[in-house]
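Undergrad: The structure's right below; bear with me while I get my questions together.
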Amino acid sequence: MFIVSLIFFVLFLPSVSVSYANTLFLHIEGKNDTLSIYAETGTQTKSYQVKRLQDIEALYPLLQRRQIDRNSFEQLLRELGIEVFEPIHTFIESSSEIGFVMAENLVKLPLDLLYVKEIPLFLQKPITYSFTKINSQNLQFSNTLSALIISDKTADPENGTYFLKKLLPSSAEYYDIKDINLTQLESIQTKDVILISAHGRIRFDNNDCIGLGDEQISPSHLARLSPKLVYLDSC
């Protein structure tokens with residue numbers, strides 16, 4: 001079974017000068033079957049193209065299949081990883097984190113799932129996806145943050161999400177997914193952090209959602225809460 005963890009950092013940063021330290025930013029554009037990449041660090045830049053966009057777009061649909069040949073899938077991740085990341089392997093090795101700056105229609109590309117030296121990229125470096133350059137170090141965690149936590153025991157059997165409740169005992173609202181519905185969700189006030197572990201789906205037709213019983217949580221339900229950080233764990 002392949003588990004897909006989706007981490008979306010929604011950072012509202014002050015309009016001041018920030019240091020990107022050793023962050024490697026990869027600006028991603030796409031047209032037809034061509035992926036255009038502009039890589040930049042504090043000292044180097046490189047532009048190149050990879051004609052495998054459709055194969056990368058097909059990765060999530062492949063993961064959704066009930067039966068998938070793991071060896072073939074991993075080999076595809078290796079091949080795509082070589083084509084996408086080999087031209088900038090020295091950039092990757094010297095970076096402390098990687099920020100994918102995505103065109104809006106490409107934000108669902110699972111680029112961090114691709115292999116670099118036989119290991120998925122997301123297991124080697126901290127990763128962010130955004131529409132503009134961000135600095136993850138600007139997000140400061142504090143016990144004064146407010147939080148919304150929703151856990152589906154079938155997706156979170158060890159109840160790992162409750163760890164955040166322990167960190168924020170007085171400011172975090174915790175719900176078992178069986179104890180909340182959309183009406184209740186829509187009545188919740190603004191939260192700094194949202195953490196949801198539940199079953200969901202990702203598509204390329206702007207119809208993404210997370211299951212909430214017989215209902216569905218859509219991006220608009222979460223955007224209304226104006227969070228600074230959203231962590232979605234879905235399988």
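Lettering and numbering for the structure tokens are positional, with chains as A, B, ... in the shown order, residues counted from 1 in each chain, and ligands counted from 1 in the shown order.
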Looking only at helix (DSSP H, G or I) from DSSP on the backbone, list the matching residues of region 79-133 of chain A as a list in words.
TA: Glu79, Leu80, Gly81, Ile82, Glu83, Val84, Phe85, Glu86, Pro87, Ile88, His89, Thr90, Phe91, Ile92, Glu93, Ser94, Glu104, Asn105, Leu106, Leu111, Asp112, Leu113, Leu121, Phe122 and Leu123 of chain A
Undergrad: What's the 12 Å shell around Gln44 (chain A), counting only C-alpha atoms, without same-chain residues fewer than 4 positions away, as a VMD selection string?
TA: chain A and resid 22 to 26 38 to 40 88 90 to 92 94 to 95
Undergrad: From the set A:Gly81, A:Pro219, A:Pro227, A:Pro61, which residue has the shortest atom-to-atom contact distance to Val116 (chain A), counting only C-alpha atoms?
TA: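 Closest residue, counting only C-alpha atoms: A:Gly81.
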Undergrad: Of the residues A:Ile196, A:Ile180, A:Leu185, A:Leu232, which is the one nearest to Asn159 (chain A), using only C-alpha atoms?
TA: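 Residue with the minimum atom-to-atom distance to Asn159 (chain A): A:Ile196.
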Undergrad: Could you please write out, as a PyMOL selection string, every residue of region 104-192 of chain A that DSSP assigns to strand (DSSP E)?
TA: chain A and resi 115-116+119-120+127-130+147-151+172-176
Undergrad: May I ask which of the residues A:Leu225, A:Met102, A:Ile134, A:Leu62 is the closest one to Ser146 (chain A), counting only C-alpha atoms?
TA: A:Leu225
Undergrad: Looking at only C-alpha atoms, which of A:Gly160, A:Gln184, A:Ser220, A:Phe122 is the one that sits closest to Asp233 (chain A)?
TA: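 Ranking A:Gly160, A:Gln184, A:Ser220, A:Phe122 by distance to Asp233 (chain A), first place goes to A:Gly160.
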Undergrad: Of the candidates A:Gln216, A:Asn105, A:Ser197, A:Thr41, which shows the shortest atom-to-atom distance to Ile150 (chain A), using only C-alpha atoms?
TA: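 That would be A:Ser197, the residue with the smallest distance to Ile150 (chain A).
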Undergrad: May I ask which of the residues A:Lys153, A:His199, A:Arg70, A:Arg78 is the closest one to Asp112 (chain A), counting only C-alpha atoms?
TA: A:Arg78
Undergrad: Which residues are near Leu109 (chain A)? Cut-off 8 Å, only C-alpha atoms, ignore same chain within fewer than 3 positions. Put them as an MDAnalysis selection string.
TA: chainID A and resid 56:57 106
Undergrad: Suppose we keep C-alpha atoms; can you now write the selection as an mmCIF file, in the first residue's frame?
TA:
```cif
data_model
loop_
_atom_site.group_PDB
_atom_site.id
_atom_site.type_symbol
_atom_site.label_atom_id
_atom_site.label_comp_id
_atom_site.auth_asym_id
_atom_site.auth_seq_id
_atom_site.Cartn_x
_atom_site.Cartn_y
_atom_site.Cartn_z
ATOM 1 C CA ILE A 56 4.271 12.943 -13.752
ATOM 2 C CA GLU A 57 0.596 13.973 -13.860
ATOM 3 C CA LEU A 106 0.492 22.210 -11.512
#
```
Undergrad: Quick one: everything within 12 Å of Ile194 (chain A), counting only C-alpha atoms, minus sequence neighbours fewer than 4 positions away in the same chain. Send it as a tab-separated table (two decimals) with all heavy atoms, in the first residue's frame.
TA:
```
chain	number	residue	atom	x	y	z
A	7	ILE	N	1.22	17.81	2.51
A	7	ILE	CA	1.50	18.88	3.45
A	7	ILE	C	1.42	20.20	2.71
A	7	ILE	O	2.18	20.44	1.80
A	7	ILE	CB	2.89	18.73	4.08
A	7	ILE	CG1	3.02	17.35	4.73
A	7	ILE	CG2	3.14	19.82	5.09
A	7	ILE	CD1	4.38	17.10	5.32
A	8	PHE	N	0.47	21.04	3.10
A	8	PHE	CA	0.32	22.34	2.48
A	8	PHE	C	0.65	23.41	3.52
A	8	PHE	O	-0.01	23.50	4.54
A	8	PHE	CB	-1.12	22.55	1.99
A	8	PHE	CG	-1.50	21.64	0.88
A	8	PHE	CD1	-2.09	20.42	1.15
A	8	PHE	CD2	-1.25	21.98	-0.43
A	8	PHE	CE1	-2.43	19.57	0.13
A	8	PHE	CE2	-1.59	21.14	-1.46
A	8	PHE	CZ	-2.19	19.92	-1.18
A	9	PHE	N	1.69	24.19	3.26
A	9	PHE	CA	2.03	25.28	4.15
A	9	PHE	C	1.42	26.56	3.60
A	9	PHE	O	1.77	27.00	2.53
A	9	PHE	CB	3.55	25.45	4.25
A	9	PHE	CG	4.22	24.34	4.98
A	9	PHE	CD1	4.72	23.26	4.28
A	9	PHE	CD2	4.35	24.37	6.35
A	9	PHE	CE1	5.34	22.23	4.94
A	9	PHE	CE2	4.98	23.34	7.01
A	9	PHE	CZ	5.48	22.26	6.31
A	10	VAL	N	0.50	27.15	4.36
A	10	VAL	CA	-0.13	28.41	3.97
A	10	VAL	C	0.43	29.47	4.90
A	10	VAL	O	-0.03	29.62	6.03
A	10	VAL	CB	-1.66	28.33	4.09
A	10	VAL	CG1	-2.30	29.61	3.57
A	10	VAL	CG2	-2.18	27.12	3.33
A	145	LEU	N	-0.91	29.30	19.85
A	145	LEU	CA	-1.61	29.08	18.59
A	145	LEU	C	-2.93	28.35	18.83
A	145	LEU	O	-3.01	27.47	19.68
A	145	LEU	CB	-0.75	28.26	17.64
A	145	LEU	CG	0.53	28.91	17.10
A	145	LEU	CD1	1.33	27.89	16.30
A	145	LEU	CD2	0.20	30.12	16.24
A	146	SER	N	-3.94	28.70	18.05
A	146	SER	CA	-5.20	27.97	18.09
A	146	SER	C	-5.17	26.89	17.02
A	146	SER	O	-4.52	27.06	15.98
A	146	SER	CB	-6.38	28.91	17.86
A	146	SER	OG	-6.26	29.55	16.60
A	147	ALA	N	-5.86	25.78	17.26
A	147	ALA	CA	-5.77	24.66	16.32
A	147	ALA	C	-7.10	23.92	16.22
A	147	ALA	O	-7.87	23.86	17.18
A	147	ALA	CB	-4.67	23.70	16.74
A	148	LEU	N	-7.32	23.35	15.04
A	148	LEU	CA	-8.43	22.43	14.80
A	148	LEU	C	-7.83	21.09	14.39
A	148	LEU	O	-7.03	21.03	13.45
A	148	LEU	CB	-9.34	22.95	13.69
A	148	LEU	CG	-10.40	21.96	13.17
A	148	LEU	CD1	-11.40	21.62	14.27
A	148	LEU	CD2	-11.10	22.52	11.94
A	149	ILE	N	-8.21	20.03	15.10
A	149	ILE	CA	-7.68	18.69	14.83
A	149	ILE	C	-8.85	17.76	14.58
A	149	ILE	O	-9.79	17.69	15.38
A	149	ILE	CB	-6.86	18.16	16.03
A	149	ILE	CG1	-5.79	19.17	16.43
A	149	ILE	CG2	-6.25	16.81	15.69
A	149	ILE	CD1	-5.18	18.88	17.79
A	150	ILE	N	-8.81	17.04	13.45
A	150	ILE	CA	-9.84	16.05	13.13
A	150	ILE	C	-9.13	14.75	12.79
A	150	ILE	O	-8.23	14.72	11.94
A	150	ILE	CB	-10.72	16.50	11.95
A	150	ILE	CG1	-11.42	17.82	12.28
A	150	ILE	CG2	-11.74	15.42	11.61
A	150	ILE	CD1	-12.23	18.39	11.12
A	151	SER	N	-9.55	13.65	13.44
A	151	SER	CA	-8.87	12.37	13.24
A	151	SER	C	-9.87	11.27	12.90
A	151	SER	O	-10.88	11.10	13.58
A	151	SER	CB	-8.10	11.99	14.51
A	151	SER	OG	-7.55	10.70	14.39
A	161	THR	N	-2.41	12.31	15.72
A	161	THR	CA	-2.84	13.71	15.70
A	161	THR	C	-3.04	14.27	17.11
A	161	THR	O	-2.97	15.49	17.31
A	161	THR	CB	-4.16	13.86	14.92
A	161	THR	OG1	-5.13	12.97	15.48
A	161	THR	CG2	-3.96	13.54	13.45
A	164	LEU	N	-0.65	16.92	18.87
A	164	LEU	CA	-0.81	18.37	18.79
A	164	LEU	C	-1.73	18.88	19.89
A	164	LEU	O	-1.51	19.96	20.44
A	164	LEU	CB	-1.36	18.77	17.41
A	164	LEU	CG	-1.54	20.27	17.17
A	164	LEU	CD1	-0.21	21.01	17.32
A	164	LEU	CD2	-2.13	20.53	15.79
A	165	LYS	N	-2.75	18.10	20.24
A	165	LYS	CA	-3.63	18.49	21.34
A	165	LYS	C	-2.85	18.58	22.64
A	165	LYS	O	-3.08	19.47	23.47
A	165	LYS	CB	-4.78	17.47	21.46
A	165	LYS	CG	-5.69	17.69	22.66
A	165	LYS	CD	-6.42	19.02	22.60
A	165	LYS	CE	-7.42	19.16	23.74
A	165	LYS	NZ	-8.07	20.50	23.77
A	172	ALA	N	-6.49	24.03	21.42
A	172	ALA	CA	-6.76	23.14	20.29
A	172	ALA	C	-8.11	22.46	20.47
A	172	ALA	O	-8.41	21.94	21.54
A	172	ALA	CB	-5.66	22.09	20.16
A	173	GLU	N	-8.91	22.47	19.41
A	173	GLU	CA	-10.17	21.73	19.39
A	173	GLU	C	-9.91	20.40	18.69
A	173	GLU	O	-9.48	20.37	17.54
A	173	GLU	CB	-11.24	22.50	18.64
A	173	GLU	CG	-11.69	23.78	19.31
A	173	GLU	CD	-12.85	24.43	18.58
A	173	GLU	OE1	-13.80	23.70	18.21
A	173	GLU	OE2	-12.80	25.65	18.36
A	174	TYR	N	-10.18	19.30	19.39
A	174	TYR	CA	-9.92	17.97	18.86
A	174	TYR	C	-11.24	17.24	18.64
A	174	TYR	O	-12.11	17.21	19.51
A	174	TYR	CB	-9.05	17.16	19.83
A	174	TYR	CG	-8.83	15.73	19.39
A	174	TYR	CD1	-7.76	15.40	18.58
A	174	TYR	CD2	-9.70	14.72	19.79
A	174	TYR	CE1	-7.55	14.09	18.16
A	174	TYR	CE2	-9.50	13.41	19.38
A	174	TYR	CZ	-8.43	13.10	18.57
A	174	TYR	OH	-8.24	11.81	18.16
A	175	TYR	N	-11.39	16.62	17.44
A	175	TYR	CA	-12.61	15.89	17.12
A	175	TYR	C	-12.27	14.53	16.52
A	175	TYR	O	-11.42	14.44	15.62
A	175	TYR	CB	-13.46	16.64	16.09
A	175	TYR	CG	-14.00	17.96	16.56
A	175	TYR	CD1	-13.28	19.14	16.34
A	175	TYR	CD2	-15.23	18.05	17.19
A	175	TYR	CE1	-13.77	20.36	16.75
A	175	TYR	CE2	-15.73	19.28	17.61
A	175	TYR	CZ	-14.99	20.42	17.39
A	175	TYR	OH	-15.48	21.64	17.80
A	185	LEU	N	-18.44	22.16	11.44
A	185	LEU	CA	-17.19	22.70	10.93
A	185	LEU	C	-17.36	24.15	10.49
A	185	LEU	O	-16.49	24.99	10.74
A	185	LEU	CB	-16.69	21.84	9.76
A	185	LEU	CG	-15.40	22.29	9.07
A	185	LEU	CD1	-14.23	22.27	10.06
A	185	LEU	CD2	-15.09	21.40	7.87
A	188	ILE	N	-17.11	26.80	13.28
A	188	ILE	CA	-15.84	26.97	14.00
A	188	ILE	C	-15.18	28.28	13.56
A	188	ILE	O	-15.18	28.64	12.39
A	188	ILE	CB	-14.92	25.76	13.76
A	188	ILE	CG1	-15.52	24.52	14.43
A	188	ILE	CG2	-13.51	26.03	14.28
A	188	ILE	CD1	-14.76	23.24	14.14
A	189	GLN	N	-14.60	28.96	14.53
A	189	GLN	CA	-13.97	30.25	14.25
A	189	GLN	C	-12.56	30.06	13.71
A	189	GLN	O	-12.02	28.96	13.64
A	189	GLN	CB	-13.94	31.09	15.54
A	189	GLN	CG	-15.32	31.37	16.12
A	189	GLN	CD	-16.22	32.09	15.13
A	189	GLN	OE1	-15.84	33.12	14.58
A	189	GLN	NE2	-17.42	31.55	14.90
A	190	THR	N	-11.94	31.17	13.33
A	190	THR	CA	-10.60	31.18	12.74
A	190	THR	C	-9.60	30.37	13.58
A	190	THR	O	-9.61	30.45	14.81
A	190	THR	CB	-10.10	32.63	12.63
A	190	THR	OG1	-10.98	33.36	11.77
A	190	THR	CG2	-8.69	32.68	12.06
A	219	PRO	N	-11.59	22.49	-0.14
A	219	PRO	CA	-10.64	23.55	0.21
A	219	PRO	C	-11.30	24.81	0.76
A	219	PRO	O	-10.75	25.48	1.63
A	219	PRO	CB	-9.93	23.82	-1.12
A	219	PRO	CG	-9.98	22.52	-1.84
A	219	PRO	CD	-11.33	21.95	-1.49
A	221	HIS	N	-13.85	25.08	2.68
A	221	HIS	CA	-14.17	24.92	4.10
A	221	HIS	C	-12.98	25.28	4.98
A	221	HIS	O	-13.13	25.84	6.08
A	221	HIS	CB	-14.61	23.48	4.40
A	221	HIS	CG	-15.93	23.11	3.81
A	221	HIS	ND1	-16.06	22.11	2.89
A	221	HIS	CD2	-17.18	23.62	4.00
A	221	HIS	CE1	-17.33	22.00	2.53
A	221	HIS	NE2	-18.02	22.91	3.19
A	222	LEU	N	-11.78	24.94	4.51
A	222	LEU	CA	-10.58	25.22	5.29
A	222	LEU	C	-10.11	26.65	5.10
A	222	LEU	O	-9.63	27.28	6.04
A	222	LEU	CB	-9.47	24.24	4.90
A	222	LEU	CG	-9.81	22.75	5.04
A	222	LEU	CD1	-8.60	21.90	4.71
A	222	LEU	CD2	-10.33	22.43	6.44
A	223	ALA	N	-10.24	27.18	3.89
A	223	ALA	CA	-9.81	28.55	3.63
A	223	ALA	C	-10.58	29.54	4.49
A	223	ALA	O	-10.04	30.57	4.91
A	223	ALA	CB	-9.99	28.88	2.15
A	224	ARG	N	-11.84	29.23	4.79
A	224	ARG	CA	-12.66	30.12	5.60
A	224	ARG	C	-12.07	30.33	6.99
A	224	ARG	O	-12.27	31.37	7.63
A	224	ARG	CB	-14.08	29.54	5.73
A	224	ARG	CG	-15.08	30.42	6.46
A	224	ARG	CD	-16.35	29.67	6.78
A	224	ARG	NE	-16.12	28.58	7.71
A	224	ARG	CZ	-16.00	28.75	9.03
A	224	ARG	NH1	-16.06	29.95	9.56
A	224	ARG	NH2	-15.79	27.71	9.82
A	225	LEU	N	-11.29	29.35	7.47
A	225	LEU	CA	-10.71	29.43	8.81
A	225	LEU	C	-9.43	30.26	8.85
A	225	LEU	O	-8.86	30.45	9.92
A	225	LEU	CB	-10.43	28.01	9.32
A	225	LEU	CG	-11.68	27.13	9.50
A	225	LEU	CD1	-11.27	25.69	9.79
A	225	LEU	CD2	-12.57	27.66	10.61
A	226	SER	N	-8.96	30.72	7.69
A	226	SER	CA	-7.76	31.58	7.59
A	226	SER	C	-6.56	31.02	8.36
A	226	SER	O	-5.94	31.72	9.16
A	226	SER	CB	-8.09	32.99	8.11
A	226	SER	OG	-9.13	33.56	7.36
A	227	PRO	N	-6.19	29.77	8.12
A	227	PRO	CA	-5.08	29.19	8.88
A	227	PRO	C	-3.72	29.68	8.39
A	227	PRO	O	-3.56	30.10	7.24
A	227	PRO	CB	-5.23	27.69	8.60
A	227	PRO	CG	-5.82	27.65	7.22
A	227	PRO	CD	-6.77	28.83	7.16
A	228	LYS	N	-2.74	29.61	9.28
A	228	LYS	CA	-1.36	29.88	8.91
A	228	LYS	C	-0.66	28.60	8.47
A	228	LYS	O	0.29	28.64	7.69
A	228	LYS	CB	-0.61	30.50	10.10
A	228	LYS	CG	-1.16	31.85	10.53
A	228	LYS	CD	-0.42	32.36	11.75
A	228	LYS	CE	-0.98	33.71	12.20
A	228	LYS	NZ	-0.31	34.20	13.43
A	229	LEU	N	-1.11	27.48	9.00
A	229	LEU	CA	-0.52	26.19	8.65
A	229	LEU	C	-1.62	25.15	8.54
A	229	LEU	O	-2.48	25.05	9.41
A	229	LEU	CB	0.49	25.75	9.72
A	229	LEU	CG	1.04	24.32	9.63
A	229	LEU	CD1	1.86	24.15	8.36
A	229	LEU	CD2	1.88	23.98	10.85
A	230	VAL	N	-1.60	24.40	7.43
A	230	VAL	CA	-2.54	23.30	7.24
A	230	VAL	C	-1.75	22.03	6.97
A	230	VAL	O	-0.89	22.01	6.09
A	230	VAL	CB	-3.50	23.56	6.05
A	230	VAL	CG1	-4.47	22.40	5.88
A	230	VAL	CG2	-4.25	24.87	6.24
A	231	TYR	N	-2.04	20.99	7.75
A	231	TYR	CA	-1.40	19.68	7.53
A	231	TYR	C	-2.51	18.69	7.26
A	231	TYR	O	-3.36	18.43	8.11
A	231	TYR	CB	-0.61	19.27	8.78
A	231	TYR	CG	0.24	18.03	8.61
A	231	TYR	CD1	1.62	18.08	8.75
A	231	TYR	CD2	-0.33	16.79	8.32
A	231	TYR	CE1	2.41	16.95	8.60
A	231	TYR	CE2	0.45	15.66	8.16
A	231	TYR	CZ	1.81	15.74	8.31
A	231	TYR	OH	2.58	14.61	8.15
A	232	LEU	N	-2.50	18.14	6.05
A	232	LEU	CA	-3.50	17.15	5.65
A	232	LEU	C	-2.79	15.83	5.42
A	232	LEU	O	-1.90	15.73	4.59
A	232	LEU	CB	-4.20	17.59	4.36
A	232	LEU	CG	-4.84	18.98	4.36
A	232	LEU	CD1	-5.46	19.27	3.01
A	232	LEU	CD2	-5.86	19.11	5.47
A	233	ASP	N	-3.21	14.81	6.16
A	233	ASP	CA	-2.64	13.47	6.01
A	233	ASP	C	-3.74	12.57	5.50
A	233	ASP	O	-4.73	12.33	6.20
A	233	ASP	CB	-2.11	12.98	7.36
A	233	ASP	CG	-1.63	11.54	7.26
A	233	ASP	OD1	-0.82	11.25	6.38
A	233	ASP	OD2	-2.07	10.71	8.08
```
